[in-house]
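Enquirer: Structure file upload-v2.cif (mmCIF, C-alpha atoms) is given on the next line.
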data_start
loop_
_atom_site.label_atom_id
_atom_site.label_comp_id
_atom_site.auth_asym_id
_atom_site.auth_seq_id
_atom_site.Cartn_x
_atom_site.Cartn_y
_atom_site.Cartn_z
CA MET A 27 -32.07 46.16 -17.03
CA ARG A 28 -31.45 42.47 -17.53
CA GLU A 29 -33.85 40.24 -15.62
CA ASN A 30 -32.10 38.19 -12.96
CA LYS A 31 -33.34 34.71 -13.74
CA ILE A 32 -32.19 31.84 -11.57
CA ILE A 33 -31.57 28.41 -13.13
CA ILE A 34 -30.73 25.68 -10.65
CA LYS A 35 -29.26 22.45 -12.03
CA THR A 36 -29.33 19.52 -9.62
CA SER A 37 -28.77 15.80 -9.73
CA ASN A 38 -30.13 13.03 -7.53
CA TYR A 39 -31.09 15.08 -4.51
CA PHE A 40 -33.88 17.40 -3.32
CA LEU A 41 -33.37 21.08 -2.49
CA THR A 42 -35.52 22.28 0.41
CA GLY A 43 -37.11 25.71 0.50
CA SER A 44 -34.66 26.96 3.14
CA LEU A 45 -31.69 25.83 1.04
CA LEU A 46 -33.12 27.57 -2.02
CA ASN A 47 -33.35 30.77 -0.01
CA LEU A 48 -29.75 30.31 1.07
CA PHE A 49 -28.60 30.10 -2.55
CA TYR A 50 -30.81 33.03 -3.53
CA ASN A 51 -29.33 35.22 -0.83
CA HIS A 52 -25.80 34.42 -2.06
CA LEU A 53 -26.59 35.29 -5.68
CA PRO A 54 -24.68 38.44 -6.74
CA PRO A 55 -26.28 41.06 -9.02
CA CYS A 56 -26.38 40.22 -12.74
CA GLN A 57 -25.58 36.56 -12.12
CA ASN A 58 -28.06 34.31 -13.84
CA GLU A 59 -27.17 30.73 -13.06
CA ILE A 60 -26.36 28.45 -10.18
CA VAL A 61 -24.65 25.24 -11.23
CA ILE A 62 -24.51 22.59 -8.56
CA PRO A 63 -21.95 19.80 -9.19
CA LYS A 64 -23.18 16.23 -9.00
CA GLU A 65 -21.24 15.33 -5.87
CA PRO A 66 -23.49 14.49 -2.86
CA LEU A 67 -24.82 17.65 -1.27
CA LEU A 68 -23.77 16.90 2.30
CA THR A 69 -20.09 16.45 1.38
CA ARG A 70 -19.65 19.98 0.04
CA ASN A 71 -19.48 23.35 1.71
CA ILE A 72 -21.77 26.15 0.54
CA ASN A 73 -18.74 28.25 -0.47
CA ASN A 74 -17.59 25.57 -2.93
CA PHE A 75 -20.67 25.67 -5.15
CA TYR A 76 -20.23 27.43 -8.45
CA ILE A 77 -22.37 30.53 -9.02
CA LYS A 78 -21.66 31.37 -12.65
CA ASN A 79 -22.84 33.09 -15.75
CA ASN A 80 -23.15 30.76 -18.70
CA VAL A 81 -20.07 30.88 -20.96
CA LYS A 82 -20.01 29.82 -24.61
CA LEU A 83 -16.83 27.92 -25.49
CA ALA A 84 -15.45 26.35 -28.65
CA ILE A 85 -13.04 23.47 -28.02
CA VAL A 86 -10.76 22.72 -30.96
CA GLY A 87 -9.57 19.12 -30.82
CA ALA A 88 -11.45 16.06 -29.53
CA GLY A 89 -8.50 14.21 -28.00
CA VAL A 90 -7.96 13.46 -24.33
CA ALA A 91 -7.95 17.12 -23.26
CA GLY A 92 -10.77 18.26 -25.55
CA SER A 93 -13.13 15.40 -24.69
CA TYR A 94 -12.53 15.63 -20.93
CA LEU A 95 -12.78 19.41 -20.90
CA GLY A 96 -15.97 19.34 -22.96
CA ASN A 97 -17.56 16.82 -20.63
CA ARG A 98 -16.68 18.74 -17.46
CA LEU A 99 -17.64 22.17 -18.77
CA GLN A 100 -20.99 21.02 -20.12
CA ARG A 101 -21.77 19.33 -16.81
CA LEU A 102 -21.04 22.68 -15.14
CA GLY A 103 -23.66 24.36 -17.30
CA HIS A 104 -21.57 26.02 -20.02
CA GLN A 105 -22.38 25.98 -23.74
CA ILE A 106 -19.86 23.71 -25.42
CA GLU A 107 -19.14 22.94 -29.06
CA ILE A 108 -16.17 20.83 -30.21
CA PHE A 109 -14.41 21.07 -33.57
CA GLU A 110 -12.29 18.12 -34.66
CA ALA A 111 -10.10 18.09 -37.76
CA THR A 112 -10.41 14.38 -38.56
CA LYS A 113 -13.56 12.79 -39.92
CA LYS A 114 -15.64 10.81 -37.47
CA GLU A 115 -14.95 7.46 -39.13
CA SER A 116 -11.17 7.99 -39.01
CA HIS A 117 -10.90 9.66 -35.60
CA TRP A 118 -8.60 7.58 -33.38
CA PRO A 119 -6.85 8.38 -30.06
CA VAL A 120 -3.08 8.44 -30.43
CA CYS A 121 -0.51 7.25 -27.86
CA ALA A 122 -0.06 3.81 -26.34
CA TRP A 123 -3.14 3.94 -24.07
CA GLY A 124 -1.08 3.60 -20.88
CA ALA A 125 -1.31 5.76 -17.76
CA SER A 126 -1.79 5.71 -13.99
CA LYS A 127 -5.05 4.16 -12.80
CA ASN A 128 -4.65 6.11 -9.55
CA MET A 129 -5.17 9.36 -11.42
CA LEU A 130 -7.57 8.25 -14.14
CA GLU A 131 -10.02 6.92 -11.54
CA THR A 132 -10.42 10.44 -10.16
CA PHE A 133 -10.65 12.14 -13.56
CA SER A 134 -13.23 9.58 -14.69
CA LYS A 135 -15.31 10.09 -11.54
CA ASN A 136 -15.28 13.84 -12.16
CA ALA A 137 -16.72 13.15 -15.60
CA GLY A 138 -19.36 10.69 -14.37
CA LEU A 139 -17.52 7.54 -15.53
CA ASN A 140 -16.27 4.41 -13.76
CA PHE A 141 -12.69 3.86 -14.88
CA ASP A 142 -12.78 0.16 -14.02
CA ASN A 143 -14.97 -0.32 -17.10
CA TYR A 144 -12.10 0.72 -19.39
CA VAL A 145 -9.03 -1.05 -17.96
CA LEU A 146 -7.46 -3.55 -20.36
CA HIS A 147 -4.33 -4.61 -18.48
CA TYR A 148 -3.08 -4.16 -14.91
CA GLY A 149 0.71 -3.92 -14.93
CA LYS A 150 2.89 -5.61 -12.30
CA LYS A 151 6.42 -5.16 -13.64
CA LEU A 152 7.96 -3.07 -16.39
CA ARG A 153 11.12 -4.46 -17.96
CA MET A 154 13.67 -1.98 -19.27
CA ASP A 155 16.42 -3.14 -21.62
CA LEU A 156 19.30 -0.68 -21.48
CA PRO A 157 22.55 -0.21 -23.41
CA GLU A 158 25.39 -2.71 -22.78
CA GLU A 159 22.83 -5.49 -22.12
CA LYS A 160 21.76 -4.10 -18.75
CA ILE A 161 18.23 -4.76 -17.53
CA GLU A 162 16.14 -2.99 -14.90
CA TYR A 163 12.64 -3.75 -13.60
CA LEU A 164 10.21 -1.13 -12.32
CA ASP A 165 7.65 -2.15 -9.70
CA LEU A 166 4.34 -0.92 -11.03
CA LYS A 167 1.86 0.72 -8.66
CA GLY A 168 -1.14 1.50 -10.79
CA LEU A 169 0.19 1.62 -14.36
CA VAL A 170 -2.48 0.22 -16.66
CA THR A 171 -3.55 0.22 -20.26
CA TYR A 172 -7.11 1.23 -20.95
CA ASP A 173 -9.54 1.52 -23.84
CA LYS A 174 -8.82 5.14 -24.65
CA TYR A 175 -11.08 5.07 -27.70
CA LEU A 176 -14.13 4.03 -25.66
CA TRP A 177 -13.19 6.31 -22.75
CA GLU A 178 -13.02 9.40 -24.96
CA ALA A 179 -16.19 8.38 -26.80
CA ASP A 180 -18.06 8.16 -23.49
CA LEU A 181 -16.66 11.51 -22.38
CA CYS A 182 -18.06 13.01 -25.59
CA HIS A 183 -21.52 11.50 -25.18
CA GLY A 184 -24.08 14.28 -25.42
CA LEU A 185 -21.58 16.85 -26.68
CA LYS A 186 -21.97 18.68 -29.97
CA ILE A 187 -18.96 17.68 -32.09
CA ASN A 188 -18.22 18.93 -35.59
CA TYR A 189 -15.90 16.48 -37.35
CA GLY A 190 -13.80 17.40 -40.37
CA PHE A 191 -13.33 21.05 -39.32
CA HIS A 192 -9.82 22.47 -39.74
CA CYS A 193 -9.77 25.52 -37.51
CA THR A 194 -7.43 28.48 -37.69
CA PRO A 195 -7.44 31.71 -35.66
CA GLU A 196 -9.12 33.35 -38.67
CA SER A 197 -12.04 30.86 -38.87
CA ASP A 198 -15.18 33.04 -38.97
CA PHE A 199 -17.41 30.65 -37.06
CA LEU A 200 -15.16 30.90 -33.99
CA SER A 201 -16.18 34.53 -33.54
CA ASN A 202 -19.49 33.31 -32.08
CA PHE A 203 -17.80 32.08 -28.90
CA ASP A 204 -16.64 33.79 -25.71
CA TYR A 205 -13.49 31.66 -25.60
CA ILE A 206 -11.75 29.27 -27.98
CA ILE A 207 -9.75 26.46 -26.38
CA ASP A 208 -6.77 25.05 -28.28
CA CYS A 209 -6.74 21.32 -27.46
CA THR A 210 -4.96 20.39 -30.69
CA GLY A 211 -2.02 18.81 -28.87
CA PHE A 212 1.21 18.67 -30.82
CA HIS A 213 -0.24 20.79 -33.64
CA ARG A 214 -0.91 23.88 -31.46
CA SER A 215 -3.07 25.04 -34.35
CA LEU A 216 -4.44 28.27 -32.87
CA LEU A 217 -1.49 29.64 -30.91
CA PRO A 218 1.82 31.16 -32.07
CA ARG A 219 4.71 28.74 -32.49
CA SER A 220 7.30 28.65 -29.72
CA PRO A 221 10.95 29.05 -30.74
CA GLN A 222 11.88 26.67 -27.89
CA ASP A 223 9.60 23.85 -29.05
CA PHE A 224 11.36 20.48 -29.15
CA ILE A 225 9.87 17.29 -30.58
CA ILE A 226 10.91 13.68 -31.18
CA PRO A 227 9.69 11.83 -34.28
CA SER A 228 7.76 8.68 -33.43
CA TYR A 229 5.33 6.13 -34.75
CA GLU A 230 3.54 3.11 -33.37
CA PHE A 231 1.49 0.07 -34.36
CA LEU A 232 -1.66 -1.42 -32.91
CA VAL A 233 -1.10 -5.16 -33.28
CA GLU A 234 -2.91 -8.39 -32.47
CA ASN A 235 -2.02 -12.08 -32.31
CA VAL A 236 0.98 -11.38 -30.06
CA LYS A 237 2.19 -14.42 -28.15
CA GLY A 238 4.57 -14.84 -25.24
CA ILE A 239 4.60 -11.19 -24.09
CA ASP A 240 2.01 -10.02 -21.59
CA GLU A 241 3.70 -7.21 -19.65
CA PHE A 242 5.05 -3.70 -20.15
CA TYR A 243 8.42 -3.66 -21.91
CA VAL A 244 10.73 -0.79 -22.89
CA ILE A 245 14.10 -0.45 -24.64
CA GLY A 246 16.02 2.70 -23.72
CA TYR A 247 18.35 4.15 -26.34
CA LYS A 248 21.90 5.29 -25.63
CA GLY A 249 22.08 8.96 -24.71
CA ALA A 250 18.36 9.07 -23.85
CA ARG A 251 17.71 9.81 -27.51
CA GLY A 252 14.50 7.81 -27.52
CA TYR A 253 12.97 4.48 -26.60
CA PHE A 254 10.93 1.55 -27.88
CA TRP A 255 7.75 0.56 -26.04
CA PHE A 256 5.47 -2.45 -25.80
CA PHE A 257 2.18 -1.86 -23.98
CA PRO A 258 -0.09 -4.92 -23.63
CA LEU A 259 -3.81 -4.44 -24.20
CA GLY A 260 -4.91 -7.99 -23.32
CA ASN A 261 -6.13 -10.86 -25.51
CA GLY A 262 -2.98 -10.85 -27.64
CA ARG A 263 -3.24 -7.16 -28.56
CA ALA A 264 -0.66 -4.47 -27.87
CA TYR A 265 0.72 -1.12 -28.86
CA ILE A 266 4.32 -1.14 -29.98
CA GLY A 267 6.20 1.92 -31.07
CA ALA A 268 9.29 4.07 -30.80
CA GLY A 269 10.29 7.68 -30.48
CA ASP A 270 13.78 8.40 -31.75
CA ILE A 271 15.52 11.72 -32.36
CA ASP A 272 17.77 9.88 -34.86
CA ARG A 273 14.84 8.18 -36.64
CA ARG A 274 16.30 4.67 -36.32
CA TYR A 275 13.41 3.28 -34.22
CA PHE A 276 15.34 0.31 -32.89
CA GLY A 277 13.07 -2.42 -31.56
CA ILE A 278 10.22 -2.21 -34.06
CA SER A 279 11.63 -4.40 -36.86
CA GLU A 280 13.17 -6.65 -34.18
CA PHE A 281 9.73 -7.13 -32.62
CA PHE A 282 8.18 -8.24 -35.91
CA GLU A 283 11.09 -10.60 -36.56
CA LYS A 284 10.47 -12.30 -33.21
CA ASN A 285 6.67 -12.20 -33.66
CA PRO A 286 6.04 -13.14 -37.31
CA HIS A 287 2.38 -13.91 -36.62
CA ALA A 288 1.64 -10.44 -35.20
CA LYS A 289 -0.92 -8.65 -37.35
CA VAL A 290 -0.88 -4.86 -37.76
CA LEU A 291 -4.29 -3.26 -37.23
CA ARG A 292 -3.20 0.36 -37.32
CA LYS A 293 -0.07 2.40 -37.95
CA ILE A 294 0.07 5.84 -36.37
CA GLY A 295 2.79 8.42 -36.89
CA ARG A 296 3.06 11.58 -34.84
CA PRO A 297 5.87 13.52 -33.13
CA ILE A 298 6.11 13.69 -29.34
CA ARG A 299 6.54 17.10 -27.75
CA LEU A 300 9.12 17.23 -24.93
CA SER A 301 9.17 20.99 -24.33
CA PRO A 302 7.56 21.80 -20.95
CA PRO A 303 5.12 24.69 -20.38
CA LYS A 304 7.90 27.14 -19.46
CA ARG A 305 9.18 26.82 -23.04
CA MET A 306 5.76 26.83 -24.74
CA LEU A 307 4.61 30.39 -24.08
CA PRO A 308 2.31 32.09 -24.81
CA PHE A 309 -0.57 30.08 -23.34
CA HIS A 310 -3.17 32.42 -24.83
CA ASN A 311 -3.74 34.90 -27.62
CA GLU A 312 -6.68 37.23 -27.00
CA ASN A 313 -9.63 34.88 -26.34
CA ILE A 314 -7.78 31.74 -27.52
CA ILE A 315 -6.44 29.65 -24.63
CA GLY A 316 -4.21 26.58 -24.89
CA VAL A 317 -4.86 23.51 -22.75
CA GLY A 318 -2.89 20.26 -22.47
CA GLU A 319 -0.11 19.23 -24.81
CA SER A 320 -0.59 22.37 -26.92
CA ILE A 321 1.12 24.30 -24.10
CA GLY A 322 3.68 21.62 -23.21
CA CYS A 323 1.84 19.57 -20.59
CA VAL A 324 3.91 16.46 -21.29
CA PHE A 325 6.40 14.80 -18.95
CA PRO A 326 9.71 15.18 -20.84
CA LEU A 327 11.44 12.04 -19.57
CA LEU A 328 8.62 9.75 -20.74
CA GLY A 329 6.86 11.74 -23.43
CA GLU A 330 3.59 11.01 -21.57
CA GLY A 331 0.89 13.65 -21.81
CA ILE A 332 -2.38 12.04 -20.70
CA ILE A 333 -2.20 12.83 -16.98
CA PRO A 334 -0.49 16.25 -17.35
CA SER A 335 -3.10 17.31 -19.90
CA LEU A 336 -5.96 16.31 -17.61
CA ILE A 337 -4.36 18.15 -14.68
CA CYS A 338 -4.13 21.20 -16.95
CA CYS A 339 -7.85 20.84 -17.76
CA ASN A 340 -8.73 20.94 -14.07
CA ILE A 341 -6.69 24.11 -13.59
CA PHE A 342 -8.49 25.73 -16.53
CA ILE A 343 -11.91 24.74 -15.14
CA ASP A 344 -11.09 26.06 -11.68
CA ILE A 345 -10.03 29.45 -13.03
CA LEU A 346 -12.99 29.72 -15.42
CA ASN A 347 -15.37 29.11 -12.52
CA ARG A 348 -13.88 31.93 -10.47
CA ASP A 349 -15.27 34.70 -12.64
CA SER A 350 -17.11 35.19 -15.92
CA THR A 351 -13.90 36.76 -17.29
CA PHE A 352 -11.09 34.23 -17.61
CA ASP A 353 -7.97 35.31 -15.72
CA SER A 354 -5.21 34.39 -18.18
CA SER A 355 -2.47 35.74 -15.89
CA LEU A 356 -3.58 33.47 -13.05
CA TYR A 357 -3.81 30.55 -15.49
CA LYS A 358 -0.22 31.13 -16.61
CA LYS A 359 0.96 31.43 -13.01
CA ARG A 360 -0.70 28.21 -11.89
CA ILE A 361 0.42 26.20 -14.92
CA LEU A 362 4.04 27.29 -14.50
CA LYS A 363 3.91 26.50 -10.79
CA LYS A 364 2.30 23.07 -11.19
CA PHE A 365 4.61 21.96 -13.99
CA GLY A 366 7.64 23.98 -12.89
CA TYR A 367 9.91 21.01 -12.26
CA TYR A 368 9.17 19.65 -15.74
CA ASP A 369 11.70 22.19 -16.97
CA ASP A 370 14.37 20.62 -14.74
CA VAL A 371 13.49 17.21 -16.19
CA TYR A 372 13.64 18.64 -19.70
CA ARG A 373 17.09 20.09 -19.03
CA ILE A 374 18.28 16.68 -17.78
CA VAL A 375 17.00 14.99 -20.94
CA ARG A 376 18.65 17.54 -23.23
CA LEU A 377 21.95 17.39 -21.30
CA LYS A 378 21.89 13.61 -21.57
CA MET A 379 21.18 13.78 -25.30
CA ASP A 380 24.14 16.13 -25.74
CA GLY A 381 26.43 13.95 -23.62
CA LYS A 382 26.88 16.71 -21.02
CA LEU A 383 24.98 15.40 -17.98
CA ASN A 384 27.21 15.22 -14.92
CA SER A 385 25.86 13.72 -11.70
CA ILE A 386 27.94 16.12 -9.55
CA LYS A 387 27.60 19.30 -11.57
CA HIS A 388 23.88 18.77 -12.12
CA PHE A 389 23.07 17.28 -8.71
CA LYS A 390 20.44 19.92 -7.92
CA LEU A 391 18.60 19.18 -11.17
CA LEU A 392 18.67 15.45 -10.46
CA MET A 393 17.40 15.94 -6.91
CA SER A 394 14.61 18.19 -8.15
CA MET A 395 13.47 15.49 -10.55
CA TYR A 396 13.70 12.75 -7.92
CA ARG A 397 11.92 14.65 -5.13
CA ASN A 398 9.07 15.75 -7.33
CA MET A 399 8.62 12.36 -8.99
CA LYS A 400 8.70 10.68 -5.58
CA ARG A 401 6.10 13.13 -4.29
CA GLU A 402 3.90 12.31 -7.30
CA GLU A 403 4.62 8.57 -7.30
CA LYS A 404 0.95 7.62 -7.62
CA ARG A 405 0.62 9.91 -10.61
CA PHE A 406 3.25 7.90 -12.51
CA GLY A 407 1.99 4.45 -11.54
CA PHE A 408 5.41 3.03 -10.68
CA GLY A 409 7.85 3.14 -7.78
CA ILE A 410 10.43 5.95 -7.67
CA ASP A 411 13.82 4.95 -6.23
CA PHE A 412 16.80 7.31 -6.23
CA LYS A 413 19.48 4.63 -6.63
CA GLN A 414 17.60 3.01 -9.49
CA MET A 415 17.06 6.39 -11.15
CA ASN A 416 20.80 7.02 -11.04
CA ARG A 417 21.52 3.57 -12.51
CA LEU A 418 19.10 4.22 -15.35
CA LEU A 419 20.60 7.60 -16.19
CA LYS A 420 24.15 6.25 -16.07
CA ALA A 421 23.22 3.26 -18.23
CA LEU A 422 21.73 5.54 -20.84
#
As structure tokens, how would this structure be written, given the file I've shared?
Expert:
Amino acid sequence: MRENKIIIKTSNYFLTGSLLNLFYNHLPPCQNEIVIPKEPLLTRNINNFYIKNNVKLAIVGAGVAGSYLGNRLQRLGHQIEIFEATKKESHWPVCAWGASKNMLETFSKNAGLNFDNYVLHYGKKLRMDLPEEKIEYLDLKGLVTYDKYLWEADLCHGLKINYGFHCTPESDFLSNFDYIIDCTGFHRSLLPRSPQDFIIPSYEFLVENVKGIDEFYVIGYKGARGYFWFFPLGNGRAYIGAGDIDRRYFGISEFFEKNPHAKVLRKIGRPIRLSPPKRMLPFHNENIIGVGESIGCVFPLLGEGIIPSLICCNIFIDILNRDSTFDSSLYKKRILKKFGYYDDVYRIVRLKMDGKLNSIKHFKLLMSMYRNMKREEKRFGFGIDFKQMNRLLKAL
């Protein structure tokens, strides 16, 4: 019979003898570890502590989902090893480094970080140039740019990361793990392809020596077929880029014509997935489980996947900590429920692209998008107004 050994991991507080006895009395048979999160003891109920067997997990992909998931799982006492396809010297976080501070503060706190240390620019207004020379301004309520490179590097501090490893489901070394987590984003390297997958080609530049522009700026393309973005990083640096189903990328060459002194530091090309989770099944294949953009956790209207991917990570962690055997059915159920309205948003985008969106015929879809976005206003980092949303959709 296996010896029932208790390992208690604590941080910054003292466990009294009576409290130890309380934990011991709640320890089920064959459980061998109590992992106590680092939140202050008095703010948590005894039923919320995790009493778990140690699980050995391989995380494939060291992007936003892989680095955050690795940090959280290791802090909860699991054995974590990350495999990243790129070499360490060339590893670089993609996307424009913009997201809601309201959300990233919480995710950072969960991982033991102070998000204020990473903020590069606090947005106030976002200008949107629309077809037929129309202009709209969004009031920003937490949208920031942040040093995503440093943030992910700090998340990965203390984690075992193997760079330059191209993993496939047949990779022999993955057989040593209880679960393999596909955090490969767009590539979805370990899971079957979805016939409903839909992507937009895009590329972007990290530039410096930009003058005269110090706020978020977007150009929306006719028919919602893509958009150009300018995200300021402070001190004359910015990310500019475009996603365009027609591969015209309007706005990029125009930016360089107006800013001849701008210097390109990096050019990054990668498609943006718009298909929501409902269209990216399956989420798992035997002991391989997809997390983040690999299973469609991207907001289709914006192509933004940072916050949805991190929300997905939290759902995965919660389910893993329920039992030593991961409940893939519950994971699927909770992902589809949390991101259910993303499919309505996706349908709106595709209808607009095809020139078939009708504000009367598709009123229920439009209301679903508005109500859910309004409910999650802090998650987006900008104000949600129904009249303005209608103007934007009509202008596009």
Enquirer: Can you list what the PyMOL selection byres ((chain A and resi 216-225) around 6) grabs from this structure, as a list in words?
Expert: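 Evaluating the PyMOL selection byres ((chain A and resi 216-225) around 6) on this file yields Thr194, Pro195, Arg214, Ser215, Ile226, Ile298, Arg299, Leu300, Ser301, Arg305 and Met306 of chain A.
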Enquirer: Which distance in Å separates CA of Gly211 in chain A and CA of Pro326 in chain A, to one decimal?
Expert: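 Atom-to-atom, CA of Gly211 in chain A and CA of Pro326 in chain A are spaced 14.7 Å apart.
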Enquirer: Selection in question (the file shown): the PyMOL selection byres ((chain A and resi 393-404) around 10). Which residues does it include, as a PyMOL selection string?
Expert: chain A and resi 126-129+166-169+327+367-372+374+385+388-392+405-412+415-416
Enquirer: Output C-alpha atoms of each residue in that selection to a file, as a CSV table (one decimal), in the coordinates of the input.
Expert:
chain,number,residue,atom,x,y,z
A,126,SER,CA,-1.8,5.7,-14.0
A,127,LYS,CA,-5.0,4.2,-12.8
A,128,ASN,CA,-4.6,6.1,-9.6
A,129,MET,CA,-5.2,9.4,-11.4
A,166,LEU,CA,4.3,-0.9,-11.0
A,167,LYS,CA,1.9,0.7,-8.7
A,168,GLY,CA,-1.1,1.5,-10.8
A,169,LEU,CA,0.2,1.6,-14.4
A,327,LEU,CA,11.4,12.0,-19.6
A,367,TYR,CA,9.9,21.0,-12.3
A,368,TYR,CA,9.2,19.6,-15.7
A,369,ASP,CA,11.7,22.2,-17.0
A,370,ASP,CA,14.4,20.6,-14.7
A,371,VAL,CA,13.5,17.2,-16.2
A,372,TYR,CA,13.6,18.6,-19.7
A,374,ILE,CA,18.3,16.7,-17.8
A,385,SER,CA,25.9,13.7,-11.7
A,388,HIS,CA,23.9,18.8,-12.1
A,389,PHE,CA,23.1,17.3,-8.7
A,390,LYS,CA,20.4,19.9,-7.9
A,391,LEU,CA,18.6,19.2,-11.2
A,392,LEU,CA,18.7,15.4,-10.5
A,405,ARG,CA,0.6,9.9,-10.6
A,406,PHE,CA,3.2,7.9,-12.5
A,407,GLY,CA,2.0,4.4,-11.5
A,408,PHE,CA,5.4,3.0,-10.7
A,409,GLY,CA,7.8,3.1,-7.8
A,410,ILE,CA,10.4,6.0,-7.7
A,411,ASP,CA,13.8,5.0,-6.2
A,412,PHE,CA,16.8,7.3,-6.2
A,415,MET,CA,17.1,6.4,-11.2
A,416,ASN,CA,20.8,7.0,-11.0
Enquirer: Which residue out of A:Val244, A:Val236, A:Leu130, A:Ile106 has the minimum interatomic distance to Arg153 in chain A when only C-alpha atoms are used?
Expert: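 Among the listed residues, the smallest separation from Arg153 in chain A belongs to A:Val244.
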Enquirer: Once the PyMOL selection byres ((chain A and resi 190) around 12) is applied to the coordinates I shared, what remains selected? I want it as a list in words.
Expert: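 Evaluating the PyMOL selection byres ((chain A and resi 190) around 12) on these coordinates yields Val86, Gly87, Ala88, Ile108, Phe109, Glu110, Ala111, Thr112, Lys113, Lys114, Glu115, Ser116, His117, Ile187, Asn188, Tyr189, Phe191, His192 and Cys193 of chain A.
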Enquirer: Would you mind exporting C-alpha atoms of the selected residues as a PDB file, keeping the file's coordinate frame?
Expert:
ATOM      1  CA  VAL A  86     -10.760  22.720 -30.960  1.00  0.00           C
ATOM      2  CA  GLY A  87      -9.570  19.120 -30.820  1.00  0.00           C
ATOM      3  CA  ALA A  88     -11.450  16.060 -29.530  1.00  0.00           C
ATOM      4  CA  ILE A 108     -16.170  20.830 -30.210  1.00  0.00           C
ATOM      5  CA  PHE A 109     -14.410  21.070 -33.570  1.00  0.00           C
ATOM      6  CA  GLU A 110     -12.290  18.120 -34.660  1.00  0.00           C
ATOM      7  CA  ALA A 111     -10.100  18.090 -37.760  1.00  0.00           C
ATOM      8  CA  THR A 112     -10.410  14.380 -38.560  1.00  0.00           C
ATOM      9  CA  LYS A 113     -13.560  12.790 -39.920  1.00  0.00           C
ATOM     10  CA  LYS A 114     -15.640  10.810 -37.470  1.00  0.00           C
ATOM     11  CA  GLU A 115     -14.950   7.460 -39.130  1.00  0.00           C
ATOM     12  CA  SER A 116     -11.170   7.990 -39.010  1.00  0.00           C
ATOM     13  CA  HIS A 117     -10.900   9.660 -35.600  1.00  0.00           C
ATOM     14  CA  ILE A 187     -18.960  17.680 -32.090  1.00  0.00           C
ATOM     15  CA  ASN A 188     -18.220  18.930 -35.590  1.00  0.00           C
ATOM     16  CA  TYR A 189     -15.900  16.480 -37.350  1.00  0.00           C
ATOM     17  CA  PHE A 191     -13.330  21.050 -39.320  1.00  0.00           C
ATOM     18  CA  HIS A 192      -9.820  22.470 -39.740  1.00  0.00           C
ATOM     19  CA  CYS A 193      -9.770  25.520 -37.510  1.00  0.00           C
TER      20      CYS A 193
END
Enquirer: Select range 105-116 of chain A in the preceding structure and write N, CA and C atoms to a file as a short mmCIF file (atom, residue, chain, number, x, y, z; two decimals), in the first residue's frame.
Expert:
data_model
loop_
_atom_site.label_atom_id
_atom_site.label_comp_id
_atom_site.auth_asym_id
_atom_site.auth_seq_id
_atom_site.Cartn_x
_atom_site.Cartn_y
_atom_site.Cartn_z
N GLN A 105 4.00 19.33 -11.44
CA GLN A 105 5.28 19.24 -12.16
C GLN A 105 5.06 19.75 -13.59
N ILE A 106 5.78 20.81 -13.93
CA ILE A 106 5.54 21.49 -15.20
C ILE A 106 6.82 21.51 -16.04
N GLU A 107 6.66 21.22 -17.32
CA GLU A 107 7.76 21.38 -18.27
C GLU A 107 7.17 21.96 -19.56
N ILE A 108 7.81 23.01 -20.06
CA ILE A 108 7.32 23.71 -21.26
C ILE A 108 8.22 23.41 -22.45
N PHE A 109 7.59 23.21 -23.60
CA PHE A 109 8.31 22.97 -24.85
C PHE A 109 7.91 24.06 -25.85
N GLU A 110 8.92 24.81 -26.31
CA GLU A 110 8.69 25.93 -27.21
C GLU A 110 9.43 25.70 -28.52
N ALA A 111 8.74 25.91 -29.65
CA ALA A 111 9.31 25.61 -30.95
C ALA A 111 10.45 26.55 -31.33
N THR A 112 10.32 27.84 -30.99
CA THR A 112 11.37 28.78 -31.38
C THR A 112 12.58 28.68 -30.45
N LYS A 113 13.70 29.11 -30.95
CA LYS A 113 14.91 29.17 -30.12
C LYS A 113 14.80 30.33 -29.14
N LYS A 114 15.50 30.22 -28.03
CA LYS A 114 15.37 31.21 -26.97
C LYS A 114 15.71 32.60 -27.45
N GLU A 115 16.77 32.72 -28.26
CA GLU A 115 17.20 34.05 -28.71
C GLU A 115 16.24 34.69 -29.70
N SER A 116 15.39 33.89 -30.33
CA SER A 116 14.45 34.45 -31.32
C SER A 116 13.01 34.44 -30.83
#
